[in-house]
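*Asks:* This is protein17.cif, which holds mmCIF, C-alpha atoms:
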data_model
loop_
_atom_site.group_PDB
_atom_site.id
_atom_site.type_symbol
_atom_site.label_atom_id
_atom_site.label_comp_id
_atom_site.auth_asym_id
_atom_site.auth_seq_id
_atom_site.Cartn_x
_atom_site.Cartn_y
_atom_site.Cartn_z
ATOM 1 C CA MET X 1 1.012 -16.077 11.799
ATOM 2 C CA THR X 2 -2.001 -15.649 9.572
ATOM 3 C CA GLU X 3 -3.349 -12.349 8.320
ATOM 4 C CA THR X 4 -6.268 -12.725 10.682
ATOM 5 C CA GLN X 5 -3.798 -12.011 13.427
ATOM 6 C CA GLY X 6 -2.079 -8.761 14.285
ATOM 7 C CA PRO X 7 1.224 -8.055 12.506
ATOM 8 C CA ALA X 8 4.573 -8.857 14.004
ATOM 9 C CA HIS X 9 6.929 -5.906 14.130
ATOM 10 C CA LYS X 10 10.604 -5.343 14.455
ATOM 11 C CA LYS X 11 11.962 -3.754 17.578
ATOM 12 C CA ASP X 12 10.702 -0.256 18.278
ATOM 13 C CA MET X 13 13.484 2.258 17.774
ATOM 14 C CA THR X 14 13.511 4.742 20.610
ATOM 15 C CA ARG X 15 14.899 7.690 18.704
ATOM 16 C CA ARG X 16 12.479 10.180 17.157
ATOM 17 C CA ARG X 17 13.262 12.051 13.995
ATOM 18 C CA MET X 18 11.425 14.807 12.238
ATOM 19 C CA VAL X 19 10.072 14.159 8.784
ATOM 20 C CA PHE X 20 10.495 17.002 6.350
ATOM 21 C CA ALA X 21 8.299 16.799 3.263
ATOM 22 C CA GLY X 22 7.295 19.557 0.902
ATOM 23 C CA GLY X 23 8.627 22.241 3.223
ATOM 24 C CA ALA X 24 6.642 20.900 6.198
ATOM 25 C CA ALA X 25 7.967 18.834 9.087
ATOM 26 C CA ILE X 26 5.907 15.887 10.259
ATOM 27 C CA VAL X 27 6.571 13.851 13.384
ATOM 28 C CA ALA X 28 7.347 10.358 12.124
ATOM 29 C CA ALA X 29 5.905 8.684 15.174
ATOM 30 C CA GLY X 30 2.537 10.411 14.734
ATOM 31 C CA ILE X 31 -0.576 8.379 15.423
ATOM 32 C CA GLY X 32 -3.716 8.408 13.302
ATOM 33 C CA ALA X 33 -4.644 10.581 10.334
ATOM 34 C CA GLY X 34 -5.042 14.330 10.318
ATOM 35 C CA VAL X 35 -6.582 16.571 7.698
ATOM 36 C CA VAL X 36 -4.683 19.766 6.983
ATOM 37 C CA ALA X 37 -5.131 22.621 4.553
ATOM 38 C CA GLY X 38 -3.381 22.131 1.241
ATOM 39 C CA ALA X 39 -1.833 24.676 -1.067
ATOM 40 C CA SER X 40 -5.272 25.462 -2.441
ATOM 41 C CA ALA X 41 -8.539 26.018 -0.634
ATOM 42 C CA ASP X 42 -9.986 23.215 -2.766
ATOM 43 C CA GLU X 43 -7.218 20.743 -2.014
ATOM 44 C CA VAL X 44 -7.575 18.124 0.698
ATOM 45 C CA THR X 45 -4.428 16.618 2.191
ATOM 46 C CA THR X 46 -4.507 13.737 4.641
ATOM 47 C CA SER X 47 -1.294 12.767 6.373
ATOM 48 C CA GLY X 48 -0.044 10.248 8.878
ATOM 49 C CA SER X 49 0.394 12.959 11.471
ATOM 50 C CA GLY X 50 -1.657 16.035 12.201
ATOM 51 C CA LYS X 51 1.457 18.003 13.225
ATOM 52 C CA GLU X 52 3.229 20.264 10.773
ATOM 53 C CA SER X 53 5.645 23.168 10.960
ATOM 54 C CA ALA X 54 7.626 25.158 8.455
ATOM 55 C CA GLY X 55 11.194 24.220 7.701
ATOM 56 C CA LYS X 56 13.575 22.366 5.450
ATOM 57 C CA GLY X 57 15.851 19.453 6.084
ATOM 58 C CA GLU X 58 16.561 15.791 5.545
ATOM 59 C CA GLU X 59 13.618 13.438 5.386
ATOM 60 C CA CYS X 60 13.838 10.581 7.849
ATOM 61 C CA TYR X 61 11.533 7.986 9.377
ATOM 62 C CA ARG X 62 11.745 5.328 12.007
ATOM 63 C CA LEU X 63 11.803 1.717 10.842
ATOM 64 C CA THR X 64 8.614 1.021 8.879
ATOM 65 C CA SER X 65 6.335 -1.758 10.170
ATOM 66 C CA GLU X 66 6.657 -5.189 8.588
ATOM 67 C CA THR X 67 3.464 -7.003 7.565
ATOM 68 C CA THR X 68 2.501 -10.323 6.071
ATOM 69 C CA GLU X 69 2.978 -10.819 2.334
ATOM 70 C CA GLY X 70 -0.551 -12.161 1.927
ATOM 71 C CA PRO X 71 -1.562 -14.869 -0.551
ATOM 72 C CA TYR X 72 -1.547 -12.827 -3.781
ATOM 73 C CA TYR X 73 2.064 -11.819 -4.370
ATOM 74 C CA ILE X 74 3.437 -12.548 -7.836
ATOM 75 C CA ASP X 75 7.067 -11.980 -8.736
ATOM 76 C CA ALA X 76 5.917 -10.660 -12.090
ATOM 77 C CA ASP X 77 9.175 -9.023 -13.251
ATOM 78 C CA LYS X 78 7.154 -6.215 -14.825
ATOM 79 C CA ILE X 79 9.502 -3.243 -14.604
ATOM 80 C CA ARG X 80 7.137 -0.385 -15.357
ATOM 81 C CA LYS X 81 5.812 2.920 -14.066
ATOM 82 C CA ASP X 82 2.210 2.680 -15.297
ATOM 83 C CA ILE X 83 0.508 -0.411 -13.866
ATOM 84 C CA THR X 84 -3.071 0.632 -14.647
ATOM 85 C CA GLU X 85 -3.549 -1.267 -17.919
ATOM 86 C CA ASP X 86 -7.272 -0.912 -18.719
ATOM 87 C CA LYS X 87 -8.637 -0.837 -15.180
ATOM 88 C CA GLU X 88 -11.298 1.737 -14.386
ATOM 89 C CA GLY X 89 -10.946 3.866 -11.267
ATOM 90 C CA ILE X 90 -9.711 7.114 -9.755
ATOM 91 C CA PRO X 91 -6.266 7.924 -11.234
ATOM 92 C CA MET X 92 -3.557 7.764 -8.613
ATOM 93 C CA THR X 93 0.084 8.814 -8.656
ATOM 94 C CA LEU X 94 2.068 6.916 -6.046
ATOM 95 C CA ARG X 95 5.323 8.593 -4.970
ATOM 96 C CA LEU X 96 7.522 6.423 -2.779
ATOM 97 C CA LYS X 97 10.894 6.967 -1.185
ATOM 98 C CA VAL X 98 13.164 4.347 0.385
ATOM 99 C CA ILE X 99 15.719 5.318 3.028
ATOM 100 C CA ASP X 100 17.991 3.510 5.435
ATOM 101 C CA SER X 101 16.207 3.986 8.763
ATOM 102 C CA ASP X 102 19.526 4.048 10.624
ATOM 103 C CA THR X 103 21.517 6.494 8.486
ATOM 104 C CA CYS X 104 18.566 8.356 6.883
ATOM 105 C CA LYS X 105 20.352 8.089 3.538
ATOM 106 C CA PRO X 106 18.380 7.209 0.383
ATOM 107 C CA VAL X 107 18.582 3.612 -0.775
ATOM 108 C CA SER X 108 19.298 3.755 -4.511
ATOM 109 C CA ARG X 109 18.685 0.973 -7.037
ATOM 110 C CA ALA X 110 16.345 -0.864 -4.697
ATOM 111 C CA ALA X 111 13.552 -2.726 -6.479
ATOM 112 C CA VAL X 112 10.149 -1.651 -5.169
ATOM 113 C CA ASP X 113 7.195 -3.954 -5.881
ATOM 114 C CA ILE X 114 3.592 -2.853 -5.443
ATOM 115 C CA TRP X 115 0.365 -4.764 -5.999
ATOM 116 C CA HIS X 116 -3.258 -4.158 -5.067
ATOM 117 C CA CYS X 117 -6.843 -5.001 -5.950
ATOM 118 C CA ASP X 118 -8.927 -3.067 -8.466
ATOM 119 C CA ALA X 119 -11.842 -0.732 -7.716
ATOM 120 C CA LEU X 120 -14.117 -3.689 -6.972
ATOM 121 C CA GLY X 121 -11.755 -5.731 -4.835
ATOM 122 C CA ILE X 122 -10.334 -8.097 -7.480
ATOM 123 C CA TYR X 123 -6.653 -9.060 -7.747
ATOM 124 C CA SER X 124 -5.038 -9.767 -11.095
ATOM 125 C CA GLY X 125 -3.780 -13.316 -11.360
ATOM 126 C CA TYR X 126 -6.538 -14.454 -8.989
ATOM 127 C CA GLU X 127 -9.738 -13.287 -10.658
ATOM 128 C CA SER X 128 -11.534 -16.615 -10.196
ATOM 129 C CA MET X 129 -10.906 -16.417 -6.455
ATOM 130 C CA SER X 130 -12.279 -12.910 -6.111
ATOM 131 C CA SER X 131 -15.236 -12.742 -8.504
ATOM 132 C CA GLY X 132 -17.849 -14.430 -6.342
ATOM 133 C CA GLY X 133 -20.412 -11.660 -6.809
ATOM 134 C CA PRO X 134 -21.053 -7.948 -7.272
ATOM 135 C CA GLY X 135 -18.226 -5.779 -6.046
ATOM 136 C CA GLY X 136 -15.832 -8.716 -6.123
ATOM 137 C CA GLY X 137 -17.014 -9.792 -2.712
ATOM 138 C CA GLY X 138 -19.968 -12.055 -3.316
ATOM 139 C CA THR X 139 -21.840 -10.555 -0.351
ATOM 140 C CA PRO X 140 -25.539 -9.662 -0.449
ATOM 141 C CA PRO X 141 -26.292 -6.057 -1.489
ATOM 142 C CA SER X 142 -26.143 -3.745 1.496
ATOM 143 C CA GLY X 143 -26.461 -0.293 -0.039
ATOM 144 C CA ALA X 144 -23.609 2.153 0.373
ATOM 145 C CA PRO X 145 -20.390 0.940 2.032
ATOM 146 C CA THR X 146 -20.612 1.063 5.811
ATOM 147 C CA ASP X 147 -18.129 1.148 8.643
ATOM 148 C CA ALA X 148 -18.960 -2.356 9.856
ATOM 149 C CA PRO X 149 -16.731 -5.307 8.893
ATOM 150 C CA THR X 150 -18.227 -8.661 7.944
ATOM 151 C CA GLY X 151 -16.852 -12.070 8.701
ATOM 152 C CA THR X 152 -13.318 -12.758 9.880
ATOM 153 C CA PRO X 153 -10.729 -10.285 8.559
ATOM 154 C CA THR X 154 -8.441 -11.916 5.976
ATOM 155 C CA ASP X 155 -6.217 -10.755 3.187
ATOM 156 C CA ALA X 156 -8.241 -12.595 0.578
ATOM 157 C CA PRO X 157 -11.286 -11.408 -1.332
ATOM 158 C CA THR X 158 -14.381 -13.441 -0.571
ATOM 159 C CA GLY X 159 -15.995 -15.843 -3.007
ATOM 160 C CA THR X 160 -14.113 -19.090 -3.505
ATOM 161 C CA PRO X 161 -11.196 -18.974 -1.052
ATOM 162 C CA PRO X 162 -7.709 -20.192 -1.907
ATOM 163 C CA SER X 163 -6.712 -23.670 -0.792
ATOM 164 C CA GLY X 164 -6.303 -23.950 2.928
ATOM 165 C CA GLY X 165 -9.307 -21.815 3.825
ATOM 166 C CA PRO X 166 -9.924 -18.115 4.230
ATOM 167 C CA GLY X 167 -6.862 -15.942 3.953
ATOM 168 C CA GLY X 168 -5.134 -18.221 1.478
ATOM 169 C CA GLY X 169 -3.848 -21.134 3.535
ATOM 170 C CA GLY X 170 -3.282 -19.102 6.684
ATOM 171 C CA GLY X 171 -1.771 -16.173 4.789
ATOM 172 C CA GLY X 172 0.549 -18.394 2.738
ATOM 173 C CA HIS X 173 1.114 -17.930 -0.973
ATOM 174 C CA SER X 174 -1.537 -19.107 -3.437
ATOM 175 C CA GLU X 175 -0.662 -20.004 -7.008
ATOM 176 C CA PRO X 176 -2.098 -17.666 -9.669
ATOM 177 C CA THR X 177 -5.195 -18.824 -11.513
ATOM 178 C CA ASP X 178 -4.858 -16.612 -14.616
ATOM 179 C CA ASP X 179 -2.341 -14.605 -16.642
ATOM 180 C CA GLU X 180 -3.627 -11.118 -15.817
ATOM 181 C CA ARG X 181 -1.070 -8.794 -14.220
ATOM 182 C CA TYR X 182 -2.791 -5.401 -13.929
ATOM 183 C CA LEU X 183 -2.125 -3.226 -10.875
ATOM 184 C CA ARG X 184 1.246 -4.898 -10.320
ATOM 185 C CA GLY X 185 4.677 -3.561 -11.083
ATOM 186 C CA THR X 186 8.292 -3.015 -10.063
ATOM 187 C CA GLN X 187 10.668 -0.069 -10.362
ATOM 188 C CA LEU X 188 14.196 0.736 -9.262
ATOM 189 C CA THR X 189 14.740 3.696 -6.936
ATOM 190 C CA ASP X 190 16.804 6.564 -8.295
ATOM 191 C CA LYS X 191 19.867 8.036 -6.575
ATOM 192 C CA HIS X 192 17.550 9.937 -4.213
ATOM 193 C CA GLY X 193 15.634 6.780 -3.266
ATOM 194 C CA TYR X 194 12.480 7.656 -5.222
ATOM 195 C CA VAL X 195 10.107 5.703 -7.447
ATOM 196 C CA GLU X 196 6.776 6.794 -8.907
ATOM 197 C CA PHE X 197 3.891 4.620 -10.085
ATOM 198 C CA LYS X 198 0.758 5.423 -12.060
ATOM 199 C CA THR X 199 -2.179 3.356 -10.866
ATOM 200 C CA ILE X 200 -5.750 3.702 -9.567
ATOM 201 C CA PHE X 201 -7.108 4.192 -6.067
ATOM 202 C CA PRO X 202 -7.700 0.676 -4.669
ATOM 203 C CA GLY X 203 -11.131 -0.631 -3.740
ATOM 204 C CA TRP X 204 -11.978 -2.893 -0.829
ATOM 205 C CA TYR X 205 -13.023 -6.465 -0.166
ATOM 206 C CA GLN X 206 -14.507 -8.306 2.757
ATOM 207 C CA GLY X 207 -12.505 -8.196 5.979
ATOM 208 C CA ARG X 208 -9.772 -5.721 4.963
ATOM 209 C CA CYS X 209 -9.498 -1.956 4.822
ATOM 210 C CA VAL X 210 -8.255 -0.297 1.641
ATOM 211 C CA HIS X 211 -4.547 -1.005 1.194
ATOM 212 C CA ILE X 212 -1.631 -1.512 -1.209
ATOM 213 C CA HIS X 213 1.022 -4.201 -0.771
ATOM 214 C CA THR X 214 4.724 -3.470 -1.211
ATOM 215 C CA LYS X 215 8.110 -5.158 -1.110
ATOM 216 C CA VAL X 216 11.591 -3.624 -1.220
ATOM 217 C CA HIS X 217 14.439 -5.722 -2.622
ATOM 218 C CA VAL X 218 18.154 -4.876 -2.399
ATOM 219 C CA GLY X 219 21.409 -6.453 -3.526
ATOM 220 C CA GLY X 220 20.097 -7.803 -6.824
ATOM 221 C CA LYS X 221 20.587 -6.678 -10.414
ATOM 222 C CA MET X 222 18.625 -6.016 -13.552
ATOM 223 C CA THR X 223 18.652 -8.744 -16.209
ATOM 224 C CA ASP X 224 16.698 -9.364 -19.398
ATOM 225 C CA ALA X 225 14.232 -11.326 -17.271
ATOM 226 C CA GLY X 226 13.781 -8.540 -14.706
ATOM 227 C CA TYR X 227 15.236 -7.958 -11.242
ATOM 228 C CA GLU X 228 17.179 -11.007 -10.095
ATOM 229 C CA GLY X 229 18.929 -12.046 -6.883
ATOM 230 C CA GLY X 230 19.422 -10.037 -3.733
ATOM 231 C CA ARG X 231 17.041 -10.168 -0.806
ATOM 232 C CA THR X 232 13.765 -8.673 0.363
ATOM 233 C CA CYS X 233 14.521 -6.187 3.145
ATOM 234 C CA HIS X 234 10.942 -4.963 3.642
ATOM 235 C CA THR X 235 7.421 -6.292 3.164
ATOM 236 C CA GLY X 236 4.650 -3.895 4.071
ATOM 237 C CA GLN X 237 1.324 -2.331 3.203
ATOM 238 C CA PHE X 238 0.174 1.232 2.549
ATOM 239 C CA PHE X 239 -3.054 2.480 4.122
ATOM 240 C CA PHE X 240 -5.541 5.280 3.459
ATOM 241 C CA ALA X 241 -7.313 7.771 5.714
ATOM 242 C CA GLU X 242 -11.011 7.031 6.203
ATOM 243 C CA SER X 243 -12.025 10.418 4.851
ATOM 244 C CA ALA X 244 -10.407 9.638 1.503
ATOM 245 C CA VAL X 245 -11.932 6.164 1.303
ATOM 246 C CA LEU X 246 -15.391 7.577 2.008
ATOM 247 C CA ASP X 247 -14.853 10.151 -0.734
ATOM 248 C CA SER X 248 -13.871 7.411 -3.179
ATOM 249 C CA ALA X 249 -17.000 5.434 -2.279
ATOM 250 C CA GLU X 250 -19.114 8.205 -3.842
ATOM 251 C CA ILE X 251 -17.484 7.724 -7.247
ATOM 252 C CA ALA X 252 -18.142 4.991 -9.811
ATOM 253 C CA PRO X 253 -17.161 2.182 -10.020
ATOM 254 C CA TYR X 254 -16.420 2.157 -6.266
ATOM 255 C CA SER X 255 -19.979 3.300 -5.583
ATOM 256 C CA THR X 256 -21.342 0.125 -7.208
ATOM 257 C CA SER X 257 -19.634 -2.170 -4.701
ATOM 258 C CA THR X 258 -21.985 -4.125 -2.453
ATOM 259 C CA THR X 259 -19.192 -5.360 -0.208
ATOM 260 C CA THR X 260 -19.350 -4.101 3.369
ATOM 261 C CA ARG X 261 -16.238 -2.141 4.237
ATOM 262 C CA THR X 262 -13.757 -2.673 7.045
ATOM 263 C CA THR X 263 -12.481 0.633 8.413
ATOM 264 C CA LEU X 264 -8.884 1.598 9.115
ATOM 265 C CA THR X 265 -9.331 1.263 12.877
ATOM 266 C CA GLU X 266 -11.012 -2.139 12.514
ATOM 267 C CA ASP X 267 -8.348 -3.627 10.272
ATOM 268 C CA THR X 268 -6.201 -6.306 11.910
ATOM 269 C CA ILE X 269 -3.080 -5.657 9.813
ATOM 270 C CA TYR X 270 -2.698 -1.882 10.172
ATOM 271 C CA ASP X 271 -0.962 -1.297 13.521
ATOM 272 C CA GLN X 272 -2.434 2.200 14.144
ATOM 273 C CA SER X 273 1.034 3.802 14.180
ATOM 274 C CA GLY X 274 0.453 6.368 11.444
ATOM 275 C CA VAL X 275 3.259 6.902 8.947
ATOM 276 C CA THR X 276 5.440 4.238 10.563
ATOM 277 C CA GLY X 277 2.642 1.726 10.003
ATOM 278 C CA GLY X 278 2.216 2.659 6.340
ATOM 279 C CA LEU X 279 -0.401 5.439 6.481
ATOM 280 C CA MET X 280 0.043 7.505 3.326
ATOM 281 C CA LYS X 281 -0.157 11.219 2.757
ATOM 282 C CA LEU X 282 -2.909 11.817 0.189
ATOM 283 C CA SER X 283 -3.675 14.951 -1.783
ATOM 284 C CA TYR X 284 -6.609 15.647 -4.108
ATOM 285 C CA ARG X 285 -9.080 18.365 -5.023
ATOM 286 C CA LYS X 286 -12.037 18.544 -2.672
ATOM 287 C CA ASN X 287 -15.221 17.404 -4.424
ATOM 288 C CA HIS X 288 -13.124 16.504 -7.472
ATOM 289 C CA MET X 289 -11.394 13.325 -6.311
ATOM 290 C CA ALA X 290 -12.352 11.618 -9.579
ATOM 291 C CA ARG X 291 -9.753 13.767 -11.328
ATOM 292 C CA GLY X 292 -6.935 12.095 -9.440
ATOM 293 C CA VAL X 293 -5.095 11.517 -6.170
ATOM 294 C CA VAL X 294 -1.430 11.815 -5.235
ATOM 295 C CA GLY X 295 -0.216 9.449 -2.523
ATOM 296 C CA SER X 296 3.239 9.630 -0.969
ATOM 297 C CA ILE X 297 5.210 7.984 1.799
ATOM 298 C CA THR X 298 8.802 7.320 2.834
ATOM 299 C CA MET X 299 9.716 3.791 3.857
ATOM 300 C CA GLY X 300 12.438 3.431 6.459
ATOM 301 C CA VAL X 301 14.081 0.038 5.927
ATOM 302 C CA ASP X 302 17.078 -1.890 7.190
ATOM 303 C CA PRO X 303 18.930 -2.961 4.015
ATOM 304 C CA ASP X 304 20.913 -5.555 5.959
ATOM 305 C CA GLU X 305 17.840 -7.463 7.140
ATOM 306 C CA THR X 306 15.613 -9.977 5.331
ATOM 307 C CA HIS X 307 11.822 -9.640 5.615
ATOM 308 C CA ASP X 308 9.883 -11.474 2.960
ATOM 309 C CA GLY X 309 6.598 -11.406 4.890
ATOM 310 C CA THR X 310 5.977 -15.142 4.656
ATOM 311 C CA ASP X 311 6.738 -15.808 8.318
ATOM 312 C CA LEU X 312 4.193 -13.347 9.780
#
Give the structure from this file in structure tokens form.
*Replies:*
Amino acid sequence: MTETQGPAHKKDMTRRRMVFAGGAAIVAAGIGAGVVAGASADEVTTSGSGKESAGKGEECYRLTSETTEGPYYIDADKIRKDITEDKEGIPMTLRLKVIDSDTCKPVSRAAVDIWHCDALGIYSGYESMSSGGPGGGGTPPSGAPTDAPTGTPTDAPTGTPPSGGPGGGGGGHSEPTDDERYLRGTQLTDKHGYVEFKTIFPGWYQGRCVHIHTKVHVGGKMTDAGYEGGRTCHTGQFFFAESAVLDSAEIAPYSTSTTTRTTLTEDTIYDQSGVTGGLMKLSYRKNHMARGVVGSITMGVDPDETHDGTDL
């Protein structure tokens, strides 16, 4: 299946569990994005469910949706927290948790990969494929980003497409064209299943909504060369509420992009299932997004399965 098609998903688990995060319970099966009041009157929080209630307890999600790997994955072996390098953009702290979706227990020492484009839609390792024009999209200027997609949705920036046509050979892997590795990194989860990355808020490119790619690997070990062996038990993507993306589009360098935007509801990869589909909880100061954003999500995985995202 190519990334122009809808994602394939594992079986839908019928049980429903409550998600408890930061003293608030969120229904894991929630649909869409809600905006709720944060701890401060100036703080905006968007979450994968508009339902919250007070309480404490164990955090648990249904099985998180699997998605295609896309053409731009690199097993870079960069074990690091800060993946920003010198890229300009809105500072973002990404807080991720990995749990066993069956037992709800944290998955410790899992290797979590993330990778995403920069503020203008360019992927490291593939700059020549994604630098076809202003905004990394090569499209004619169209003023401020709009809610209308252009062309056929793919998981590849426009400009010169990878071999095999748009989407990188039908969503298959494309070999890197350069040695850049910004906005890519790997970390091991701690005993509570957590990892944290320092990065920037992603931009957009033609045919896709704003997103971050992720993989979760288990059963391997750390070596001098990085994380080796084991298997990939989850391949997914994280998504962002439209309100947050529109806020980012007012801030440079995102505001200089001439690439027409695809919205969350128009995207062909996001399955519209809220948190289960990868919709993140985002928190930032209203009218001060440029100071930074915190994004968080819990991934429910099946450690016994293999999902490398190349067969979707």
*Asks:* Find the spatial neighbours of Asp247 in chain X, counting only C-alpha atoms, within a cut-off of 9 Å - ignore same-chain residues fewer than 4 positions away - and output them as a PyMOL selection string.
*Replies:* chain X and resi 242-243+251+287+289
*Asks:* Only C-alpha atoms, please: the residues just picked out, written as a compact mmCIF listing (two decimals), in the frame of the given file.
*Replies:*
# COMPACT_ATOMS: atom_id res chain seq x y z
CA GLU X 242 -11.01 7.03 6.20
CA SER X 243 -12.02 10.42 4.85
CA ILE X 251 -17.48 7.72 -7.25
CA ASN X 287 -15.22 17.40 -4.42
CA MET X 289 -11.39 13.32 -6.31
*Asks:* Interatomic distance between CA of Arg62 in chain X and CA of Asp190 in chain X?
*Replies:*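 Computed distance, CA of Arg62 in chain X to CA of Asp190 in chain X, equals 21.0 Å.
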*Asks:* How many Å separate CA of Ala241 in chain X from CA of Val216 in chain X?
*Replies:*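 A separation of 23.1 Å between them.
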*Asks:* If I take CA of Asp224 in chain X and CA of His173 in chain X, how far is one from the other in Å, to one decimal?
*Replies:*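 Separation of CA of Asp224 in chain X and CA of His173 in chain X: 25.6 Å.
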*Asks:* Using the chain letters and numbers from this file, what does the PyMOL selection byres ((chain X and resi 176) around 7) select? Give the answer as a PyMOL selection string.
*Replies:* chain X and resi 125-126+174-175+177-178
*Asks:* Here is a test: counting all atoms listed in the file, which residue of X:Tyr194, X:Tyr254, X:Tyr73, X:Tyr61 is nearest to Gly121 in chain X?
*Replies:*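 Selected residue with least distance to Gly121 in chain X: X:Tyr254.
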*Asks:* Which residues match the PyMOL selection byres ((chain X and resi 112) around 12) in the file above, as a PyMOL selection string?
*Replies:* chain X and resi 75+77-81+94-98+107-111+113-115+184-190+193-197+213-218+220+227+231-236+299+301
*Asks:* Output C-alpha atoms for every residue in the selection just made, as a PDB file, in the frame of the given file.
*Replies:*
ATOM      1  CA  ASP X  75       7.067 -11.980  -8.736  1.00  0.00           C
ATOM      2  CA  ASP X  77       9.175  -9.023 -13.251  1.00  0.00           C
ATOM      3  CA  LYS X  78       7.154  -6.215 -14.825  1.00  0.00           C
ATOM      4  CA  ILE X  79       9.502  -3.243 -14.604  1.00  0.00           C
ATOM      5  CA  ARG X  80       7.137  -0.385 -15.357  1.00  0.00           C
ATOM      6  CA  LYS X  81       5.812   2.920 -14.066  1.00  0.00           C
ATOM      7  CA  LEU X  94       2.068   6.916  -6.046  1.00  0.00           C
ATOM      8  CA  ARG X  95       5.323   8.593  -4.970  1.00  0.00           C
ATOM      9  CA  LEU X  96       7.522   6.423  -2.779  1.00  0.00           C
ATOM     10  CA  LYS X  97      10.894   6.967  -1.185  1.00  0.00           C
ATOM     11  CA  VAL X  98      13.164   4.347   0.385  1.00  0.00           C
ATOM     12  CA  VAL X 107      18.582   3.612  -0.775  1.00  0.00           C
ATOM     13  CA  SER X 108      19.298   3.755  -4.511  1.00  0.00           C
ATOM     14  CA  ARG X 109      18.685   0.973  -7.037  1.00  0.00           C
ATOM     15  CA  ALA X 110      16.345  -0.864  -4.697  1.00  0.00           C
ATOM     16  CA  ALA X 111      13.552  -2.726  -6.479  1.00  0.00           C
ATOM     17  CA  ASP X 113       7.195  -3.954  -5.881  1.00  0.00           C
ATOM     18  CA  ILE X 114       3.592  -2.853  -5.443  1.00  0.00           C
ATOM     19  CA  TRP X 115       0.365  -4.764  -5.999  1.00  0.00           C
ATOM     20  CA  ARG X 184       1.246  -4.898 -10.320  1.00  0.00           C
ATOM     21  CA  GLY X 185       4.677  -3.561 -11.083  1.00  0.00           C
ATOM     22  CA  THR X 186       8.292  -3.015 -10.063  1.00  0.00           C
ATOM     23  CA  GLN X 187      10.668  -0.069 -10.362  1.00  0.00           C
ATOM     24  CA  LEU X 188      14.196   0.736  -9.262  1.00  0.00           C
ATOM     25  CA  THR X 189      14.740   3.696  -6.936  1.00  0.00           C
ATOM     26  CA  ASP X 190      16.804   6.564  -8.295  1.00  0.00           C
ATOM     27  CA  GLY X 193      15.634   6.780  -3.266  1.00  0.00           C
ATOM     28  CA  TYR X 194      12.480   7.656  -5.222  1.00  0.00           C
ATOM     29  CA  VAL X 195      10.107   5.703  -7.447  1.00  0.00           C
ATOM     30  CA  GLU X 196       6.776   6.794  -8.907  1.00  0.00           C
ATOM     31  CA  PHE X 197       3.891   4.620 -10.085  1.00  0.00           C
ATOM     32  CA  HIS X 213       1.022  -4.201  -0.771  1.00  0.00           C
ATOM     33  CA  THR X 214       4.724  -3.470  -1.211  1.00  0.00           C
ATOM     34  CA  LYS X 215       8.110  -5.158  -1.110  1.00  0.00           C
ATOM     35  CA  VAL X 216      11.591  -3.624  -1.220  1.00  0.00           C
ATOM     36  CA  HIS X 217      14.439  -5.722  -2.622  1.00  0.00           C
ATOM     37  CA  VAL X 218      18.154  -4.876  -2.399  1.00  0.00           C
ATOM     38  CA  GLY X 220      20.097  -7.803  -6.824  1.00  0.00           C
ATOM     39  CA  TYR X 227      15.236  -7.958 -11.242  1.00  0.00           C
ATOM     40  CA  ARG X 231      17.041 -10.168  -0.806  1.00  0.00           C
ATOM     41  CA  THR X 232      13.765  -8.673   0.363  1.00  0.00           C
ATOM     42  CA  CYS X 233      14.521  -6.187   3.145  1.00  0.00           C
ATOM     43  CA  HIS X 234      10.942  -4.963   3.642  1.00  0.00           C
ATOM     44  CA  THR X 235       7.421  -6.292   3.164  1.00  0.00           C
ATOM     45  CA  GLY X 236       4.650  -3.895   4.071  1.00  0.00           C
ATOM     46  CA  MET X 299       9.716   3.791   3.857  1.00  0.00           C
ATOM     47  CA  VAL X 301      14.081   0.038   5.927  1.00  0.00           C
TER      48      VAL X 301
END
*Asks:* Select, from X:Ile122, X:Met280, X:Ala244, X:Met129, the residue with the minimum atom-to-atom distance to Trp204 in chain X, counting only C-alpha atoms.
*Replies:* X:Ile122
*Asks:* Around the point (-6.2, -3.9, 8.5) in the file's coordinates, collect all residues with an atom within 6 Å, using all atoms listed in the file, and return them as a list in words.
*Replies:*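 Output of the proximity query reads Arg208, Cys209, Asp267, Thr268, Ile269 and Tyr270 of chain X.
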*Asks:* Nearest to Ser124 in chain X: which of X:His211, X:Lys105, X:Arg285, X:Lys87 is it, counting all atoms listed in the file?
*Replies:*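 The answer is X:Lys87, which sits nearest to Ser124 in chain X.
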*Asks:* Residues within 7 Å of Lys286 in chain X, please, as a ChimeraX atom specification. Count all atoms listed in the file; anything in the same chain fewer than 5 positions from it doesn't count.
*Replies:* /X:42-44
*Asks:* May I have the protein, DNA and RNA residues with an atom at most 6 Å from (4.4, -9.5, 2.3), counting only C-alpha atoms in the file's coordinates, returned as a list in words?
*Replies:* Thr67, Thr68, Glu69, Gly70, Thr235, Gly236, Asp308 and Gly309 of chain X
*Asks:* Restricted to C-alpha atoms, what would the selected residues look like written as a short mmCIF file (atom, residue, chain, number, x, y, z; two decimals), keeping the file's coordinate frame?
*Replies:*
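Printed below is out.cif as written:
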data_model
loop_
_atom_site.label_atom_id
_atom_site.label_comp_id
_atom_site.auth_asym_id
_atom_site.auth_seq_id
_atom_site.Cartn_x
_atom_site.Cartn_y
_atom_site.Cartn_z
CA THR X 67 3.46 -7.00 7.56
CA THR X 68 2.50 -10.32 6.07
CA GLU X 69 2.98 -10.82 2.33
CA GLY X 70 -0.55 -12.16 1.93
CA THR X 235 7.42 -6.29 3.16
CA GLY X 236 4.65 -3.90 4.07
CA ASP X 308 9.88 -11.47 2.96
CA GLY X 309 6.60 -11.41 4.89
#
